[in-house]
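Step one of this worksheet: look at the structure below.
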Amino acid sequence: KMTLPLALVALVSAFGSSFQYGYNVSVINSPAPYMQDFYNRTYLDRTGLPMDRGFQTLLWSLTVSMFPLGGFFGSLLVWPMVNSCGRKGTLLINNLFSIAAAILMGTSELAKTFEVIILSRVVMGIFAGLASNVVPMFLGEMSPKNLRGAVGVVPQLFITIGILAAQILGLHSILGNARGWPVLLGLTGIPSLIQLLTLPFFPESPRFLLIQKGNEERARRALQRLRGWEDVDDEIQEMYQEDQSEKEEGQFSVLSLFTFRGLRWQLISIIVMMAGQQLSGVNGVFYYADRIFQSAGVHSSSIQYVTVSIGAINVVMTLLAVFIVESLGRRILLLAGFVLCSASCAILTLALNLQTTVSWMSYLSIVCVIAYIIGHAIGPSPIPPVMITEMFLQSSRPAAFMVGGSVHWLSNFTVGLVFLYMEAGLGPYSFLIFCAICIATMLYIFFIVPETKNKTFMEINRIMAKRNKVEVQESKE
């Protein structure tokens, strides 16, 4: 059952970390014209010359793309930090990045410097890169096996809530205006402060305490508190078994993860899922949404509200995933999600091509965007981080998250850079590329990825060992 301490630690870590990742993904969309205007004014004040278009475009694309680049650097810190500082310790230290960035961004206009905004986006990215990997790992290691999927989707739920919060606060009537944008950017420090003050009252990951720190007493206390009952011997026993089977293998670095045969298919699977999640075009669809609504005749003053409603659909569908992931399983949600995404991309290509000739096609393209977002929110967005937690044991999990996270952020960065060129060259046909990627990822999952719901980490390890054609070391009782 879900206990209060487990629910609270999931809320505190997801609100303090994942929420801000989502918030910073979309926070600069609505105040963009005011921020660009600030860049121009500052440059004019300094040099007495107006900024030329090319330089302005460069500065703005840096402002946008420095966030995923920072995310990539953040992912590289995952393995060293979670092994030395623990899961909870890493999350606490990580808050310092976000608070520093929030103060810098909030005061950038007063200080008349736009370089600070670009630098803060890198720092914020590092924060998000750590958060997006450490929170699922932390919560996955704390949850009992029958709740692991549901608790594992909570970080993604908070990412979507963060996106929605940034969209609502970014409305022109609230903070998305010439006066309010520094406040909008600076607000991101508040969840970090809350986490910094509350997370120390919760236990560290019991698996980390027992397997990596060898402290059974603290691990037992942490488990008793999280489960709400005294008898946690079964779980302690299972951790010892996992520990035993890993003693044979030792701690994994990223390099040894790539060369170790016993984890070959797990590694390929997370790379495919994390790349598929980002290269399936979710950011392209979000970038494109405004334009699709415009061409469908939605008035430009109302587009903001349409964007907010899409953000709300995203939250609702991810919330649904929290409730159905344990009953339907991971695999079904991933497959259904990718099927829906690929179909939406294919029909969207058609609709965008025909919307000048057939009047109702523009409404069909709106339906496609919504269907795509629903598809992505039930499977491809929330499930891959859950699978990384489940497919790897304690010693290889930090390295696996580092690889998965790096793939996630590099793919995200690539889509951000390439999409504008793709769109210029291919127009609506760029969605066919996304469609193909969705289908390829779906086929891989269908043939290779096993169902992991309600299984212990050791049971999942045995299923994958068969595929890797290796023996699993069992502890000799």
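Ligands are numbered from 1 in the order shown, residues from 1 within each chain, and chains are lettered A, B, ... in the order they appear in the structure tokens.
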
When DSSP is applied to the backbone of this structure, which of stretch 180-215 of chain A are assigned alpha helix (DSSP H)? Write them out as a list in words.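 The alpha helix (DSSP H) subset of stretch 180-215 of chain A is Trp181, Pro182, Val183, Leu184, Leu185, Gly186, Gly189, Ile190, Pro191, Ser192, Leu193, Ile194, Gln195, Leu196, Leu197, Thr198, Pro206 and Arg207 of chain A.
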
Restricting it to C-alpha atoms, dump the selection as an mmCIF file, in the first residue's frame.
```cif
data_model
loop_
_atom_site.group_PDB
_atom_site.id
_atom_site.type_symbol
_atom_site.label_atom_id
_atom_site.label_comp_id
_atom_site.auth_asym_id
_atom_site.auth_seq_id
_atom_site.Cartn_x
_atom_site.Cartn_y
_atom_site.Cartn_z
ATOM 1 C CA TRP A 181 9.559 38.197 -17.348
ATOM 2 C CA PRO A 182 12.509 38.501 -14.879
ATOM 3 C CA VAL A 183 10.153 37.387 -12.087
ATOM 4 C CA LEU A 184 8.884 34.534 -14.281
ATOM 5 C CA LEU A 185 12.462 33.282 -14.760
ATOM 6 C CA GLY A 186 13.415 33.821 -11.125
ATOM 7 C CA GLY A 189 14.294 28.971 -7.162
ATOM 8 C CA ILE A 190 11.267 28.585 -4.874
ATOM 9 C CA PRO A 191 10.673 24.808 -5.299
ATOM 10 C CA SER A 192 14.399 24.293 -4.648
ATOM 11 C CA LEU A 193 14.236 26.216 -1.404
ATOM 12 C CA ILE A 194 11.244 24.149 -0.303
ATOM 13 C CA GLN A 195 13.083 20.921 -1.134
ATOM 14 C CA LEU A 196 16.222 22.092 0.644
ATOM 15 C CA LEU A 197 14.182 22.673 3.810
ATOM 16 C CA THR A 198 12.035 19.499 3.709
ATOM 17 C CA PRO A 206 17.393 1.930 1.583
ATOM 18 C CA ARG A 207 19.139 0.100 -1.287
#
```

Selection: 12 Å around A:Ile448, only C-alpha atoms, excl. self and same-chain fewer than 5 positions, as a ChimeraX atom specification: /A:264-270,272-273,331,335,441-443,463-464,466-468

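Remark: for A:Val153, the closest of the candidate residues A:Ile460, A:Leu333, A:Ile99, A:Ala351 is A:Leu333 (distances computed over only C-alpha atoms).
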
Rounded to one decimal in Å, what is the spacing between atom CA of A:Cys341 and atom CA of A:Ile439?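 One can read the atom CA of A:Cys341 to atom CA of A:Ile439 distance as 8.8 Å.
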
Between A:Lys88, A:Lys112, A:Arg41, A:Arg121, smallest distance to A:Phe202 by only C-alpha atoms belongs to A:Lys88

Any idea what's packed within 8 Å of A:Val403, counting only C-alpha atoms, ignoring anything in its chain fewer than 6 positions away? Could you give it as a list in words?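 Selected residues are Ser75, Val254 and Ile271 of chain A.
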
Determine, counting only C-alpha atoms, which protein, DNA and RNA residues have an atom within 10 Å of an atom of A:Ile433; residues of the same chain fewer than 2 positions away are not included. Present the result as JSON, numbers by chain. {"A": [279, 280, 281, 342, 345, 346, 422, 426, 429, 430, 431, 435, 436, 437, 438]}

Selected residues, C-alpha atoms, written as an mmCIF file, in the first residue's frame, please.
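Result file follows (result.cif):
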```
data_model
loop_
_atom_site.group_PDB
_atom_site.id
_atom_site.type_symbol
_atom_site.label_atom_id
_atom_site.label_comp_id
_atom_site.auth_asym_id
_atom_site.auth_seq_id
_atom_site.Cartn_x
_atom_site.Cartn_y
_atom_site.Cartn_z
ATOM 1 C CA LEU A 279 13.643 11.896 -31.479
ATOM 2 C CA SER A 280 9.957 11.002 -31.861
ATOM 3 C CA GLY A 281 9.444 14.739 -32.295
ATOM 4 C CA SER A 342 3.309 7.493 -35.321
ATOM 5 C CA CYS A 345 2.581 12.204 -37.305
ATOM 6 C CA ALA A 346 1.494 10.460 -40.514
ATOM 7 C CA MET A 422 14.424 20.327 -41.179
ATOM 8 C CA LEU A 426 11.078 19.604 -45.724
ATOM 9 C CA TYR A 429 7.181 16.265 -44.396
ATOM 10 C CA SER A 430 9.535 16.584 -41.424
ATOM 11 C CA PHE A 431 6.829 14.789 -39.417
ATOM 12 C CA CYS A 435 6.754 8.916 -37.741
ATOM 13 C CA ALA A 436 9.496 6.527 -38.916
ATOM 14 C CA ILE A 437 11.408 6.918 -35.640
ATOM 15 C CA CYS A 438 8.229 6.152 -33.642
#
```

Using atom CA of A:Thr307 and atom CA of A:Ala289 as the two end points, give the distance in Å to one decimal.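 Going from atom CA of A:Thr307 over to atom CA of A:Ala289 covers 7.5 Å.
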
Determine the nearest neighbour of A:Ala165 from the options A:Gly311, A:Gly129, A:Gly54, A:Gly152, counting only C-alpha atoms.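 The shortest atom-to-atom distance to A:Ala165 comes from A:Gly311.
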
Excluding same-chain residues fewer than 5 positions from A:Ile383, what lies within 12 Å of it counting only C-alpha atoms, as a CSV table (one decimal) with N, CA and C atoms, in the first residue's frame?
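To be explicit, this is the file written out as around_25.csv:
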```csv
chain,number,residue,atom,x,y,z
A,136,PRO,N,14.0,9.7,-10.6
A,136,PRO,CA,13.5,8.4,-10.8
A,136,PRO,C,14.3,7.3,-10.1
A,140,GLY,N,12.5,5.0,-7.5
A,140,GLY,CA,12.4,3.6,-7.9
A,140,GLY,C,13.0,2.7,-6.8
A,148,ARG,N,6.1,0.4,-7.9
A,148,ARG,CA,7.3,1.1,-8.5
A,148,ARG,C,7.0,1.8,-9.8
A,149,GLY,N,6.1,1.3,-10.6
A,149,GLY,CA,5.7,2.0,-11.8
A,149,GLY,C,5.0,3.3,-11.5
A,150,ALA,N,4.0,3.2,-10.6
A,150,ALA,CA,3.2,4.4,-10.3
A,150,ALA,C,4.0,5.5,-9.7
A,151,VAL,N,4.9,5.1,-8.7
A,151,VAL,CA,5.8,6.1,-8.1
A,151,VAL,C,6.8,6.6,-9.1
A,152,GLY,N,7.2,5.7,-10.0
A,152,GLY,CA,8.2,6.1,-11.0
A,152,GLY,C,7.7,7.1,-12.1
A,153,VAL,N,6.4,7.1,-12.3
A,153,VAL,CA,5.8,8.1,-13.2
A,153,VAL,C,5.6,9.4,-12.6
A,154,VAL,N,5.6,9.5,-11.3
A,154,VAL,CA,5.4,10.8,-10.6
A,154,VAL,C,6.4,11.9,-11.0
A,155,PRO,N,7.7,11.6,-11.2
A,155,PRO,CA,8.6,12.7,-11.7
A,155,PRO,C,8.1,13.2,-13.0
A,156,GLN,N,7.7,12.4,-14.0
A,156,GLN,CA,7.2,12.8,-15.3
A,156,GLN,C,5.9,13.7,-15.1
A,157,LEU,N,5.1,13.2,-14.2
A,157,LEU,CA,3.8,14.0,-13.9
A,157,LEU,C,4.2,15.4,-13.5
A,270,ILE,N,17.7,0.7,-23.2
A,270,ILE,CA,17.5,2.1,-22.7
A,270,ILE,C,18.0,3.2,-23.7
A,273,MET,N,15.1,3.4,-26.1
A,273,MET,CA,13.9,4.1,-25.5
A,273,MET,C,14.2,5.6,-25.3
A,274,MET,N,15.3,5.9,-24.8
A,274,MET,CA,15.6,7.3,-24.5
A,274,MET,C,15.7,8.1,-25.7
A,276,GLY,N,14.4,7.3,-28.7
A,276,GLY,CA,13.1,7.3,-29.3
A,276,GLY,C,12.1,8.3,-28.6
A,277,GLN,N,12.3,8.4,-27.3
A,277,GLN,CA,11.4,9.4,-26.6
A,277,GLN,C,11.6,10.8,-27.1
A,318,THR,N,-0.7,12.1,-18.2
A,318,THR,CA,0.4,11.6,-17.4
A,318,THR,C,-0.2,11.1,-16.0
A,321,ALA,N,-1.5,7.8,-16.5
A,321,ALA,CA,-0.5,6.8,-16.6
A,321,ALA,C,-0.1,6.3,-15.2
A,322,VAL,N,-0.1,7.3,-14.2
A,322,VAL,CA,0.3,6.9,-12.8
A,322,VAL,C,-0.6,5.8,-12.3
A,324,ILE,N,-2.6,3.7,-14.3
A,324,ILE,CA,-2.8,2.5,-15.0
A,324,ILE,C,-1.5,1.7,-15.3
A,325,VAL,N,-0.4,2.3,-14.9
A,325,VAL,CA,0.9,1.6,-15.2
A,325,VAL,C,1.0,0.3,-14.5
A,326,GLU,N,0.4,0.2,-13.3
A,326,GLU,CA,0.6,-1.1,-12.5
A,326,GLU,C,-0.4,-2.1,-13.0
A,329,GLY,N,0.6,-2.5,-17.2
A,329,GLY,CA,2.0,-2.8,-17.4
A,329,GLY,C,2.7,-1.8,-18.2
A,330,ARG,N,4.1,-1.8,-18.2
A,330,ARG,CA,4.9,-0.8,-18.9
A,330,ARG,C,4.8,-1.0,-20.4
A,331,ARG,N,4.9,-2.3,-20.8
A,331,ARG,CA,5.1,-2.5,-22.3
A,331,ARG,C,3.9,-2.0,-23.1
A,332,ILE,N,2.7,-2.3,-22.6
A,332,ILE,CA,1.4,-1.9,-23.3
A,332,ILE,C,1.4,-0.4,-23.5
A,333,LEU,N,1.7,0.3,-22.4
A,333,LEU,CA,1.7,1.8,-22.5
A,333,LEU,C,2.7,2.3,-23.5
A,334,LEU,N,3.9,1.7,-23.5
A,334,LEU,CA,4.9,2.2,-24.4
A,334,LEU,C,4.5,1.9,-25.9
A,335,LEU,N,4.0,0.7,-26.1
A,335,LEU,CA,3.6,0.3,-27.5
A,335,LEU,C,2.4,1.2,-27.9
A,336,ALA,N,1.4,1.3,-27.0
A,336,ALA,CA,0.2,2.1,-27.4
A,336,ALA,C,0.6,3.6,-27.7
A,337,GLY,N,1.5,4.1,-26.8
A,337,GLY,CA,1.9,5.5,-27.0
A,337,GLY,C,2.6,5.7,-28.3
A,338,PHE,N,3.5,4.8,-28.7
A,338,PHE,CA,4.3,5.0,-29.9
A,338,PHE,C,3.4,4.8,-31.1
A,376,HIS,N,2.1,10.4,-26.3
A,376,HIS,CA,3.4,10.6,-25.7
A,376,HIS,C,3.3,10.6,-24.2
A,377,ALA,N,2.2,11.2,-23.7
A,377,ALA,CA,2.1,11.3,-22.2
A,377,ALA,C,1.8,10.0,-21.5
A,378,ILE,N,1.2,9.0,-22.2
A,378,ILE,CA,0.9,7.8,-21.5
A,378,ILE,C,2.1,6.8,-21.5
A,388,ILE,N,14.7,2.1,-16.8
A,388,ILE,CA,16.1,2.1,-16.4
A,388,ILE,C,16.3,1.6,-15.0
A,389,THR,N,15.4,2.1,-14.1
A,389,THR,CA,15.5,1.7,-12.7
A,389,THR,C,15.3,0.2,-12.6
A,390,GLU,N,14.4,-0.3,-13.4
A,390,GLU,CA,14.0,-1.7,-13.2
A,390,GLU,C,14.9,-2.7,-13.9
A,445,ILE,N,10.7,-2.3,-29.1
A,445,ILE,CA,10.1,-2.6,-27.8
A,445,ILE,C,9.2,-3.9,-27.9
A,451,GLU,N,8.0,-7.3,-20.1
A,451,GLU,CA,7.2,-6.6,-19.2
A,451,GLU,C,7.8,-6.7,-17.8
A,452,THR,N,7.9,-5.6,-17.0
A,452,THR,CA,8.6,-5.7,-15.8
A,452,THR,C,7.7,-5.4,-14.6
A,453,LYS,N,6.4,-5.3,-14.8
A,453,LYS,CA,5.6,-4.9,-13.6
A,453,LYS,C,5.5,-6.0,-12.6
```

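Residues lying within 7 Å of stretch 3-6 of chain A, counting only C-alpha atoms and ignoring same-chain neighbours fewer than 4 positions away, are A:Ala10, A:Arg225, A:Leu226, A:Arg227, A:Gly228.
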
For stretch 223-259 of chain A against stretch 208-211 of chain A, with a cut-off of 9 Å and counting only C-alpha atoms, what is the closest atom pair and its distance in Å to one decimal for every residue that makes the cut, ordered by chain and number, as JSON lines?
```
{"residue": "A:Ile236", "atom": "CA", "partner": "A:Leu210", "partner_atom": "CA", "distance": 8.3}
{"residue": "A:Met239", "atom": "CA", "partner": "A:Ile211", "partner_atom": "CA", "distance": 7.1}
{"residue": "A:Tyr240", "atom": "CA", "partner": "A:Ile211", "partner_atom": "CA", "distance": 7.4}
{"residue": "A:Glu242", "atom": "CA", "partner": "A:Ile211", "partner_atom": "CA", "distance": 8.4}
{"residue": "A:Asp243", "atom": "CA", "partner": "A:Ile211", "partner_atom": "CA", "distance": 5.9}
```

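Among the candidate residues A:Leu92, A:Val116, A:Met458, A:Leu11, the one lying nearest to A:Leu59 is A:Val116, with distances computed using only C-alpha atoms.
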
In terms of only C-alpha atoms, the residue from A:Leu420, A:Leu62, A:Leu348, A:Val315 at minimal distance from A:Glu115 is A:Leu62

May I ask which of the residues A:Phe447, A:Phe72, A:Tyr372, A:Phe457 is the closest one to A:Gly404, counting only C-alpha atoms? A:Phe72

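Every protein or nucleic acid residue with an atom no more than 12 Å from A:Thr113, counting only C-alpha atoms and leaving out same-chain residues fewer than 4 positions away, appears here: Met35, Phe38, Tyr39, Asn40, Arg41, Thr42, Tyr43, Leu44, Asp45, Arg46, Leu104, Met105, Gly106, Thr107, Ser108, Glu109, Ile117, Ile118, Leu119, Ser120 and Pro182 of chain A.
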
Could you state the separation of atom CA of A:Ile126 and atom CA of A:Leu76 in Å, given to one decimal place? 9.2 Å
